[in-house]
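File shown here: structure_1.txt, holding compact mmCIF, N, CA and C atoms.
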# COMPACT_ATOMS: atom_id res chain seq x y z
N MET A 199 10.42 -14.21 64.30
CA MET A 199 9.32 -13.94 63.41
C MET A 199 8.11 -14.72 63.89
N ALA A 200 6.95 -14.16 63.69
CA ALA A 200 5.75 -14.84 64.13
C ALA A 200 4.68 -14.72 63.06
N GLY A 201 3.68 -15.60 63.17
CA GLY A 201 2.53 -15.50 62.28
C GLY A 201 2.89 -15.72 60.83
N ALA A 202 2.18 -14.99 59.96
CA ALA A 202 2.34 -15.18 58.52
C ALA A 202 3.72 -14.77 58.02
N ASP A 203 4.45 -13.99 58.79
CA ASP A 203 5.78 -13.57 58.36
C ASP A 203 6.85 -14.62 58.61
N MET A 204 6.51 -15.68 59.33
CA MET A 204 7.48 -16.73 59.61
C MET A 204 7.79 -17.50 58.34
N VAL A 205 9.03 -17.74 58.07
CA VAL A 205 9.39 -18.47 56.86
C VAL A 205 9.69 -19.92 57.24
N LEU A 206 10.84 -20.19 57.74
CA LEU A 206 11.21 -21.53 58.18
C LEU A 206 12.02 -21.41 59.44
N THR A 207 11.81 -22.33 60.37
CA THR A 207 12.62 -22.31 61.57
C THR A 207 14.05 -22.69 61.20
N ALA A 208 14.99 -22.36 62.04
CA ALA A 208 16.40 -22.62 61.76
C ALA A 208 16.64 -24.12 61.50
N ASP A 209 16.04 -24.99 62.32
CA ASP A 209 16.26 -26.43 62.15
C ASP A 209 15.71 -26.92 60.83
N LYS A 210 14.49 -26.52 60.49
CA LYS A 210 13.89 -26.98 59.24
C LYS A 210 14.62 -26.39 58.05
N ARG A 211 15.04 -25.14 58.16
CA ARG A 211 15.77 -24.51 57.06
C ARG A 211 17.11 -25.22 56.86
N ALA A 212 17.80 -25.56 57.95
CA ALA A 212 19.10 -26.24 57.84
C ALA A 212 18.93 -27.58 57.14
N ASP A 213 17.87 -28.34 57.48
CA ASP A 213 17.64 -29.62 56.82
C ASP A 213 17.43 -29.42 55.33
N PHE A 214 16.66 -28.41 54.96
CA PHE A 214 16.35 -28.14 53.57
C PHE A 214 17.59 -27.66 52.82
N GLU A 215 18.37 -26.78 53.43
CA GLU A 215 19.55 -26.22 52.78
C GLU A 215 20.58 -27.27 52.42
N ASP A 216 20.69 -28.30 53.22
CA ASP A 216 21.72 -29.30 52.99
C ASP A 216 21.51 -30.03 51.66
N LEU A 217 20.29 -30.12 51.17
CA LEU A 217 20.00 -30.88 49.98
C LEU A 217 20.44 -30.19 48.70
N LEU A 218 20.24 -28.90 48.57
CA LEU A 218 20.56 -28.22 47.30
C LEU A 218 22.04 -28.24 46.94
N PRO A 219 22.96 -27.96 47.86
CA PRO A 219 24.38 -28.04 47.48
C PRO A 219 24.79 -29.45 47.07
N VAL A 220 24.22 -30.45 47.71
CA VAL A 220 24.53 -31.84 47.35
C VAL A 220 24.05 -32.10 45.92
N LEU A 221 22.83 -31.66 45.62
CA LEU A 221 22.31 -31.83 44.26
C LEU A 221 23.15 -31.07 43.24
N ALA A 222 23.55 -29.85 43.60
CA ALA A 222 24.36 -29.04 42.68
C ALA A 222 25.68 -29.72 42.38
N ASN A 223 26.32 -30.26 43.42
CA ASN A 223 27.60 -30.95 43.22
C ASN A 223 27.44 -32.22 42.41
N LYS A 224 26.34 -32.91 42.63
CA LYS A 224 26.11 -34.18 41.94
C LYS A 224 25.64 -33.97 40.49
N LEU A 225 24.77 -33.00 40.27
CA LEU A 225 24.14 -32.83 38.96
C LEU A 225 24.74 -31.73 38.12
N GLY A 226 25.51 -30.83 38.73
CA GLY A 226 26.00 -29.66 38.01
C GLY A 226 24.91 -28.60 37.91
N GLY A 227 25.26 -27.45 37.38
CA GLY A 227 24.32 -26.33 37.32
C GLY A 227 23.08 -26.62 36.51
N GLU A 228 23.25 -27.15 35.31
CA GLU A 228 22.10 -27.43 34.45
C GLU A 228 21.21 -28.52 35.04
N GLY A 229 21.82 -29.54 35.60
CA GLY A 229 21.06 -30.61 36.22
C GLY A 229 20.26 -30.13 37.41
N LEU A 230 20.86 -29.22 38.19
CA LEU A 230 20.14 -28.67 39.34
C LEU A 230 18.93 -27.87 38.88
N ILE A 231 19.10 -27.05 37.86
CA ILE A 231 17.98 -26.27 37.34
C ILE A 231 16.87 -27.20 36.85
N ASN A 232 17.25 -28.28 36.17
CA ASN A 232 16.24 -29.26 35.71
C ASN A 232 15.49 -29.87 36.89
N GLU A 233 16.21 -30.18 37.97
CA GLU A 233 15.56 -30.75 39.15
C GLU A 233 14.64 -29.74 39.82
N LEU A 234 15.06 -28.47 39.87
CA LEU A 234 14.20 -27.44 40.43
C LEU A 234 12.93 -27.30 39.59
N CYS A 235 13.07 -27.37 38.28
CA CYS A 235 11.90 -27.30 37.39
C CYS A 235 10.97 -28.49 37.65
N ASN A 236 11.55 -29.67 37.85
CA ASN A 236 10.74 -30.85 38.17
C ASN A 236 10.02 -30.66 39.51
N GLY A 237 10.73 -30.10 40.49
CA GLY A 237 10.11 -29.82 41.79
C GLY A 237 8.95 -28.85 41.65
N PHE A 238 9.13 -27.84 40.82
CA PHE A 238 8.06 -26.88 40.57
C PHE A 238 6.84 -27.59 39.99
N GLN A 239 7.08 -28.47 39.02
CA GLN A 239 5.98 -29.21 38.38
C GLN A 239 5.20 -30.05 39.40
N LEU A 240 5.92 -30.63 40.37
CA LEU A 240 5.27 -31.44 41.39
C LEU A 240 4.38 -30.61 42.31
N LEU A 241 4.82 -29.38 42.60
CA LEU A 241 4.12 -28.54 43.57
C LEU A 241 3.05 -27.64 42.98
N MET A 242 3.09 -27.43 41.69
CA MET A 242 2.20 -26.42 41.11
C MET A 242 0.76 -26.91 40.99
N ASP A 243 -0.14 -25.94 40.95
CA ASP A 243 -1.54 -26.15 40.66
C ASP A 243 -1.60 -26.40 39.15
N LYS A 244 -2.00 -27.59 38.75
CA LYS A 244 -1.97 -27.97 37.33
C LYS A 244 -2.86 -27.08 36.46
N ASP A 245 -3.94 -26.57 37.02
CA ASP A 245 -4.85 -25.72 36.25
C ASP A 245 -4.31 -24.32 36.04
N ARG A 246 -3.63 -23.79 37.07
CA ARG A 246 -3.15 -22.40 36.99
C ARG A 246 -1.70 -22.28 36.54
N GLY A 247 -0.92 -23.36 36.65
CA GLY A 247 0.48 -23.33 36.22
C GLY A 247 1.40 -22.59 37.18
N VAL A 248 0.97 -22.39 38.43
CA VAL A 248 1.77 -21.74 39.47
C VAL A 248 1.59 -22.52 40.77
N ILE A 249 2.48 -22.27 41.72
CA ILE A 249 2.33 -22.86 43.04
C ILE A 249 1.46 -21.93 43.87
N THR A 250 0.32 -22.46 44.30
CA THR A 250 -0.59 -21.71 45.17
C THR A 250 -0.44 -22.24 46.59
N MET A 251 -1.02 -21.55 47.53
CA MET A 251 -0.99 -22.06 48.91
C MET A 251 -1.63 -23.44 48.96
N GLU A 252 -2.73 -23.61 48.26
CA GLU A 252 -3.44 -24.89 48.27
C GLU A 252 -2.59 -26.00 47.66
N SER A 253 -1.96 -25.72 46.53
CA SER A 253 -1.14 -26.77 45.90
C SER A 253 0.10 -27.06 46.74
N LEU A 254 0.66 -26.04 47.40
CA LEU A 254 1.82 -26.26 48.26
C LEU A 254 1.45 -27.13 49.45
N LYS A 255 0.32 -26.82 50.10
CA LYS A 255 -0.12 -27.64 51.23
C LYS A 255 -0.38 -29.08 50.80
N LYS A 256 -1.02 -29.22 49.65
CA LYS A 256 -1.39 -30.55 49.15
C LYS A 256 -0.16 -31.38 48.79
N ASN A 257 0.89 -30.74 48.25
CA ASN A 257 2.04 -31.46 47.72
C ASN A 257 3.34 -31.26 48.50
N ALA A 258 3.28 -30.63 49.66
CA ALA A 258 4.49 -30.30 50.44
C ALA A 258 5.34 -31.52 50.76
N ALA A 259 4.72 -32.68 50.92
CA ALA A 259 5.48 -33.89 51.27
C ALA A 259 6.49 -34.27 50.20
N PHE A 260 6.25 -33.88 48.94
CA PHE A 260 7.19 -34.20 47.87
C PHE A 260 8.57 -33.59 48.12
N LEU A 261 8.61 -32.46 48.85
CA LEU A 261 9.89 -31.82 49.18
C LEU A 261 10.27 -32.03 50.64
N GLY A 262 9.57 -32.90 51.32
CA GLY A 262 9.87 -33.15 52.73
C GLY A 262 9.43 -32.02 53.64
N LEU A 263 8.43 -31.25 53.20
CA LEU A 263 7.98 -30.08 53.98
C LEU A 263 6.64 -30.33 54.68
N GLN A 264 6.23 -31.59 54.80
CA GLN A 264 4.94 -31.91 55.37
C GLN A 264 4.79 -31.48 56.83
N ASP A 265 5.89 -31.29 57.53
CA ASP A 265 5.83 -30.90 58.94
C ASP A 265 5.76 -29.39 59.16
N LEU A 266 5.81 -28.61 58.09
CA LEU A 266 5.73 -27.17 58.24
C LEU A 266 4.30 -26.76 58.55
N SER A 267 4.17 -25.76 59.42
CA SER A 267 2.85 -25.25 59.76
C SER A 267 2.29 -24.43 58.61
N GLU A 268 1.01 -24.15 58.66
CA GLU A 268 0.40 -23.32 57.61
C GLU A 268 1.04 -21.93 57.59
N ASP A 269 1.35 -21.38 58.77
CA ASP A 269 2.01 -20.07 58.83
C ASP A 269 3.37 -20.10 58.13
N GLU A 270 4.10 -21.19 58.31
CA GLU A 270 5.41 -21.31 57.67
C GLU A 270 5.27 -21.43 56.15
N LEU A 271 4.26 -22.17 55.69
CA LEU A 271 4.02 -22.29 54.25
C LEU A 271 3.60 -20.95 53.66
N VAL A 272 2.73 -20.23 54.37
CA VAL A 272 2.31 -18.89 53.93
C VAL A 272 3.53 -17.99 53.83
N GLY A 273 4.40 -18.05 54.83
CA GLY A 273 5.61 -17.23 54.84
C GLY A 273 6.53 -17.58 53.68
N MET A 274 6.60 -18.86 53.36
CA MET A 274 7.45 -19.30 52.25
C MET A 274 6.94 -18.73 50.93
N VAL A 275 5.64 -18.83 50.69
CA VAL A 275 5.05 -18.28 49.46
C VAL A 275 5.24 -16.77 49.44
N LYS A 276 4.98 -16.14 50.57
CA LYS A 276 5.09 -14.68 50.66
C LYS A 276 6.52 -14.22 50.36
N GLU A 277 7.51 -14.94 50.90
CA GLU A 277 8.90 -14.58 50.68
C GLU A 277 9.31 -14.72 49.21
N GLY A 278 8.79 -15.73 48.55
CA GLY A 278 9.17 -15.98 47.16
C GLY A 278 8.34 -15.24 46.13
N ASP A 279 7.20 -14.69 46.53
CA ASP A 279 6.25 -14.07 45.60
C ASP A 279 6.71 -12.67 45.21
N LEU A 280 7.61 -12.60 44.24
CA LEU A 280 8.21 -11.32 43.85
C LEU A 280 7.23 -10.37 43.18
N ASP A 281 6.27 -10.90 42.43
CA ASP A 281 5.31 -10.02 41.75
C ASP A 281 4.03 -9.80 42.56
N ARG A 282 3.98 -10.36 43.75
CA ARG A 282 2.89 -10.17 44.72
C ARG A 282 1.52 -10.55 44.17
N ASP A 283 1.48 -11.66 43.40
CA ASP A 283 0.19 -12.12 42.89
C ASP A 283 -0.39 -13.25 43.75
N GLY A 284 0.28 -13.58 44.85
CA GLY A 284 -0.22 -14.60 45.77
C GLY A 284 0.16 -16.02 45.40
N ALA A 285 1.00 -16.20 44.38
CA ALA A 285 1.42 -17.52 43.95
C ALA A 285 2.87 -17.44 43.48
N LEU A 286 3.49 -18.61 43.31
CA LEU A 286 4.87 -18.66 42.82
C LEU A 286 4.90 -19.20 41.40
N ASN A 287 5.45 -18.41 40.48
CA ASN A 287 5.69 -18.94 39.14
C ASN A 287 7.02 -19.69 39.19
N GLN A 288 7.40 -20.30 38.09
CA GLN A 288 8.60 -21.14 38.09
C GLN A 288 9.86 -20.35 38.44
N MET A 289 10.00 -19.16 37.90
CA MET A 289 11.19 -18.35 38.20
C MET A 289 11.24 -17.98 39.68
N GLU A 290 10.10 -17.57 40.24
CA GLU A 290 10.06 -17.21 41.66
C GLU A 290 10.40 -18.41 42.53
N PHE A 291 9.93 -19.59 42.17
CA PHE A 291 10.23 -20.79 42.92
C PHE A 291 11.72 -21.09 42.91
N CYS A 292 12.34 -21.02 41.73
CA CYS A 292 13.78 -21.31 41.62
C CYS A 292 14.60 -20.28 42.41
N VAL A 293 14.24 -19.02 42.31
CA VAL A 293 14.94 -17.98 43.07
C VAL A 293 14.81 -18.24 44.56
N LEU A 294 13.61 -18.60 45.01
CA LEU A 294 13.39 -18.89 46.43
C LEU A 294 14.24 -20.06 46.89
N MET A 295 14.32 -21.11 46.09
CA MET A 295 15.12 -22.27 46.48
C MET A 295 16.59 -21.89 46.65
N PHE A 296 17.10 -21.04 45.75
CA PHE A 296 18.48 -20.57 45.88
C PHE A 296 18.64 -19.70 47.12
N ARG A 297 17.67 -18.83 47.37
CA ARG A 297 17.75 -17.93 48.52
C ARG A 297 17.72 -18.69 49.84
N LEU A 298 17.04 -19.82 49.88
CA LEU A 298 16.96 -20.62 51.10
C LEU A 298 18.22 -21.43 51.35
N SER A 299 19.16 -21.37 50.42
CA SER A 299 20.39 -22.14 50.56
C SER A 299 21.60 -21.21 50.43
N PRO A 300 22.07 -20.61 51.54
CA PRO A 300 23.22 -19.71 51.47
C PRO A 300 24.46 -20.35 50.87
N GLU A 301 24.69 -21.63 51.15
CA GLU A 301 25.86 -22.31 50.60
C GLU A 301 25.78 -22.35 49.07
N LEU A 302 24.58 -22.65 48.57
CA LEU A 302 24.39 -22.69 47.13
C LEU A 302 24.53 -21.30 46.52
N MET A 303 24.04 -20.28 47.23
CA MET A 303 24.19 -18.90 46.75
C MET A 303 25.67 -18.55 46.63
N GLN A 304 26.47 -18.98 47.59
CA GLN A 304 27.91 -18.70 47.54
C GLN A 304 28.53 -19.37 46.33
N GLU A 305 28.13 -20.62 46.06
CA GLU A 305 28.65 -21.33 44.89
C GLU A 305 28.21 -20.63 43.61
N SER A 306 26.99 -20.13 43.58
CA SER A 306 26.48 -19.43 42.40
C SER A 306 27.31 -18.19 42.12
N ARG A 307 27.67 -17.47 43.16
CA ARG A 307 28.53 -16.29 42.99
C ARG A 307 29.87 -16.69 42.39
N PHE A 308 30.41 -17.80 42.85
CA PHE A 308 31.69 -18.30 42.32
C PHE A 308 31.54 -18.63 40.84
N TRP A 309 30.46 -19.34 40.46
CA TRP A 309 30.24 -19.70 39.05
C TRP A 309 30.10 -18.44 38.21
N LEU A 310 29.39 -17.43 38.72
CA LEU A 310 29.21 -16.18 37.98
C LEU A 310 30.54 -15.47 37.79
N GLU A 311 31.32 -15.38 38.86
CA GLU A 311 32.63 -14.72 38.76
C GLU A 311 33.52 -15.46 37.76
N GLU A 312 33.49 -16.78 37.80
CA GLU A 312 34.30 -17.58 36.88
C GLU A 312 33.86 -17.34 35.43
N ALA A 313 32.56 -17.30 35.19
CA ALA A 313 32.04 -17.06 33.84
C ALA A 313 32.40 -15.66 33.36
N LEU A 314 32.32 -14.67 34.25
CA LEU A 314 32.68 -13.30 33.88
C LEU A 314 34.16 -13.19 33.55
N GLU A 315 35.01 -13.86 34.34
CA GLU A 315 36.44 -13.83 34.06
C GLU A 315 36.74 -14.43 32.69
N GLU A 316 36.08 -15.54 32.35
CA GLU A 316 36.27 -16.16 31.04
C GLU A 316 35.80 -15.24 29.93
N GLU A 317 34.67 -14.59 30.13
CA GLU A 317 34.13 -13.68 29.14
C GLU A 317 35.08 -12.49 28.92
N LEU A 318 35.61 -11.96 30.02
CA LEU A 318 36.52 -10.82 29.92
C LEU A 318 37.83 -11.20 29.23
N LYS A 319 38.29 -12.43 29.45
CA LYS A 319 39.50 -12.90 28.78
C LYS A 319 39.31 -12.87 27.27
N GLY A 320 38.09 -13.20 26.83
CA GLY A 320 37.80 -13.18 25.41
C GLY A 320 37.88 -11.78 24.81
N TYR A 321 37.78 -10.76 25.66
CA TYR A 321 37.90 -9.36 25.22
C TYR A 321 39.30 -8.80 25.49
N GLY A 322 40.22 -9.66 25.90
CA GLY A 322 41.59 -9.24 26.12
C GLY A 322 41.86 -8.61 27.49
N PHE A 323 40.99 -8.81 28.45
CA PHE A 323 41.22 -8.25 29.81
C PHE A 323 41.92 -9.25 30.69
What is this structure when it is put down as structure tokens?
Amino acid sequence: MAGADMVLTADKRADFEDLLPVLANKLGGEGLINELCNGFQLLMDKDRGVITMESLKKNAAFLGLQDLSEDELVGMVKEGDLDRDGALNQMEFCVLMFRLSPELMQESRFWLEEALEEELKGYGF
């Protein structure tokens, strides 16, 4: 990938991915969501209530992303911007963080399957 479509290089993505599963194991599901919300608060533009390119560039060091190029940051926002408004709201940010961590996505599928099995047991299945 090149230019604005670049998201994260393999090395930088691997460094980032390693943190979320550790947090999930340490904090549990609810704790991880709370930490993601806190991360969103650190990165967001306080006036607009969303993460903009400007606020991401300004605050990237809070997530250890200070070494990412502008193209990589643009790609990150672009990848997470589901409603295509040019910024990340809290839900888009949390979804992006999960998407950047395949190991965490796998654990999420396990938690969902486990919850569904419990729910179905309540209905006699």
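What separates atom CA of Leu280 of chain A from atom CA of Leu221 of chain A is a distance of 24.9 Å.
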request  = Determine the nearest neighbour of Ala258 of chain A from the options A:Leu314, A:Leu240, A:Asn232, A:Gly320, counting all atoms listed in the file.
outcome  = A:Leu240
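The space between atom C of Ala285 of chain A and atom N of Leu234 of chain A spans 16.8 Å.
We find atom C of Leu318 of chain A and atom CA of Phe296 of chain A to be spaced 27.2 Å apart.
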inquiry  = So that I can see what lies close to Phe291 of chain A, please list as a ChimeraX atom specification the residues with an atom at most 7 Å from it, counting all atoms listed in the file and leaving out residues fewer than 5 positions away in the same chain.
reply    = /A:238,278,286,296
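By only C-alpha atoms, and with residues fewer than 6 positions from segment 245-248 of chain A along its chain excluded, the set lying at most 12 Å from it is Cys235, Gly237, Phe238, Gln239, Leu254, Val275, Asp279, Asp283, Gly284, Ala285, Leu286, Asn287, Gln288, Met289, Glu290 and Phe291 of chain A.
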Could you write segment 265-276 of chain A as a tab-separated table (two decimals), in the coordinates of the input, with all heavy atoms rebuilt where they are missing?
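The new file selection_31.tsv reads:
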chain	number	residue	atom	x	y	z
A	265	ASP	N	5.89	-31.29	57.53
A	265	ASP	CA	5.83	-30.90	58.94
A	265	ASP	C	5.76	-29.39	59.16
A	265	ASP	O	5.65	-28.94	60.29
A	265	ASP	CB	7.05	-31.45	59.70
A	265	ASP	CG	7.03	-32.98	59.75
A	265	ASP	OD1	5.93	-33.58	59.69
A	265	ASP	OD2	8.11	-33.58	59.84
A	266	LEU	N	5.81	-28.61	58.09
A	266	LEU	CA	5.73	-27.17	58.24
A	266	LEU	C	4.30	-26.76	58.55
A	266	LEU	O	3.34	-27.31	58.02
A	266	LEU	CB	6.19	-26.45	56.97
A	266	LEU	CG	7.66	-26.59	56.60
A	266	LEU	CD1	7.95	-25.85	55.31
A	266	LEU	CD2	8.55	-26.09	57.71
A	267	SER	N	4.17	-25.76	59.42
A	267	SER	CA	2.85	-25.25	59.76
A	267	SER	C	2.29	-24.43	58.61
A	267	SER	O	3.02	-24.03	57.69
A	267	SER	CB	2.94	-24.37	61.01
A	267	SER	OG	3.60	-23.15	60.70
A	268	GLU	N	1.01	-24.15	58.66
A	268	GLU	CA	0.40	-23.32	57.61
A	268	GLU	C	1.04	-21.93	57.59
A	268	GLU	O	1.28	-21.37	56.52
A	268	GLU	CB	-1.11	-23.20	57.82
A	268	GLU	CG	-1.75	-22.44	56.68
A	268	GLU	CD	-3.24	-22.64	56.57
A	268	GLU	OE1	-3.76	-23.63	57.12
A	268	GLU	OE2	-3.87	-21.81	55.92
A	269	ASP	N	1.35	-21.38	58.77
A	269	ASP	CA	2.01	-20.07	58.83
A	269	ASP	C	3.37	-20.10	58.13
A	269	ASP	O	3.75	-19.16	57.44
A	269	ASP	CB	2.20	-19.61	60.28
A	269	ASP	CG	0.93	-19.08	60.91
A	269	ASP	OD1	-0.05	-18.83	60.17
A	269	ASP	OD2	0.92	-18.91	62.14
A	270	GLU	N	4.10	-21.19	58.31
A	270	GLU	CA	5.41	-21.31	57.67
A	270	GLU	C	5.27	-21.43	56.15
A	270	GLU	O	6.05	-20.84	55.40
A	270	GLU	CB	6.18	-22.51	58.25
A	270	GLU	CG	6.62	-22.27	59.68
A	270	GLU	CD	7.16	-23.51	60.35
A	270	GLU	OE1	6.57	-24.60	60.17
A	270	GLU	OE2	8.17	-23.38	61.07
A	271	LEU	N	4.26	-22.17	55.69
A	271	LEU	CA	4.02	-22.29	54.25
A	271	LEU	C	3.60	-20.95	53.66
A	271	LEU	O	4.05	-20.56	52.58
A	271	LEU	CB	2.98	-23.37	53.97
A	271	LEU	CG	3.40	-24.81	54.28
A	271	LEU	CD1	2.22	-25.76	54.08
A	271	LEU	CD2	4.59	-25.24	53.45
A	272	VAL	N	2.73	-20.23	54.37
A	272	VAL	CA	2.31	-18.89	53.93
A	272	VAL	C	3.53	-17.99	53.83
A	272	VAL	O	3.71	-17.26	52.85
A	272	VAL	CB	1.25	-18.29	54.89
A	272	VAL	CG1	1.06	-16.80	54.63
A	272	VAL	CG2	-0.07	-19.02	54.76
A	273	GLY	N	4.40	-18.05	54.83
A	273	GLY	CA	5.61	-17.23	54.84
A	273	GLY	C	6.53	-17.58	53.68
A	273	GLY	O	7.15	-16.70	53.07
A	274	MET	N	6.60	-18.86	53.36
A	274	MET	CA	7.45	-19.30	52.25
A	274	MET	C	6.94	-18.73	50.93
A	274	MET	O	7.72	-18.20	50.13
A	274	MET	CB	7.45	-20.83	52.22
A	274	MET	CG	8.42	-21.45	51.29
A	274	MET	SD	8.28	-23.25	51.46
A	274	MET	CE	9.92	-23.71	51.03
A	275	VAL	N	5.64	-18.83	50.69
A	275	VAL	CA	5.05	-18.28	49.46
A	275	VAL	C	5.24	-16.77	49.44
A	275	VAL	O	5.64	-16.20	48.43
A	275	VAL	CB	3.56	-18.67	49.33
A	275	VAL	CG1	2.90	-17.90	48.18
A	275	VAL	CG2	3.41	-20.17	49.11
A	276	LYS	N	4.98	-16.14	50.57
A	276	LYS	CA	5.09	-14.68	50.66
A	276	LYS	C	6.52	-14.22	50.36
A	276	LYS	O	6.74	-13.24	49.65
A	276	LYS	CB	4.66	-14.22	52.05
A	276	LYS	CG	4.38	-12.77	52.18
A	276	LYS	CD	3.80	-12.50	53.58
A	276	LYS	CE	3.39	-11.08	53.73
A	276	LYS	NZ	2.83	-10.83	55.06
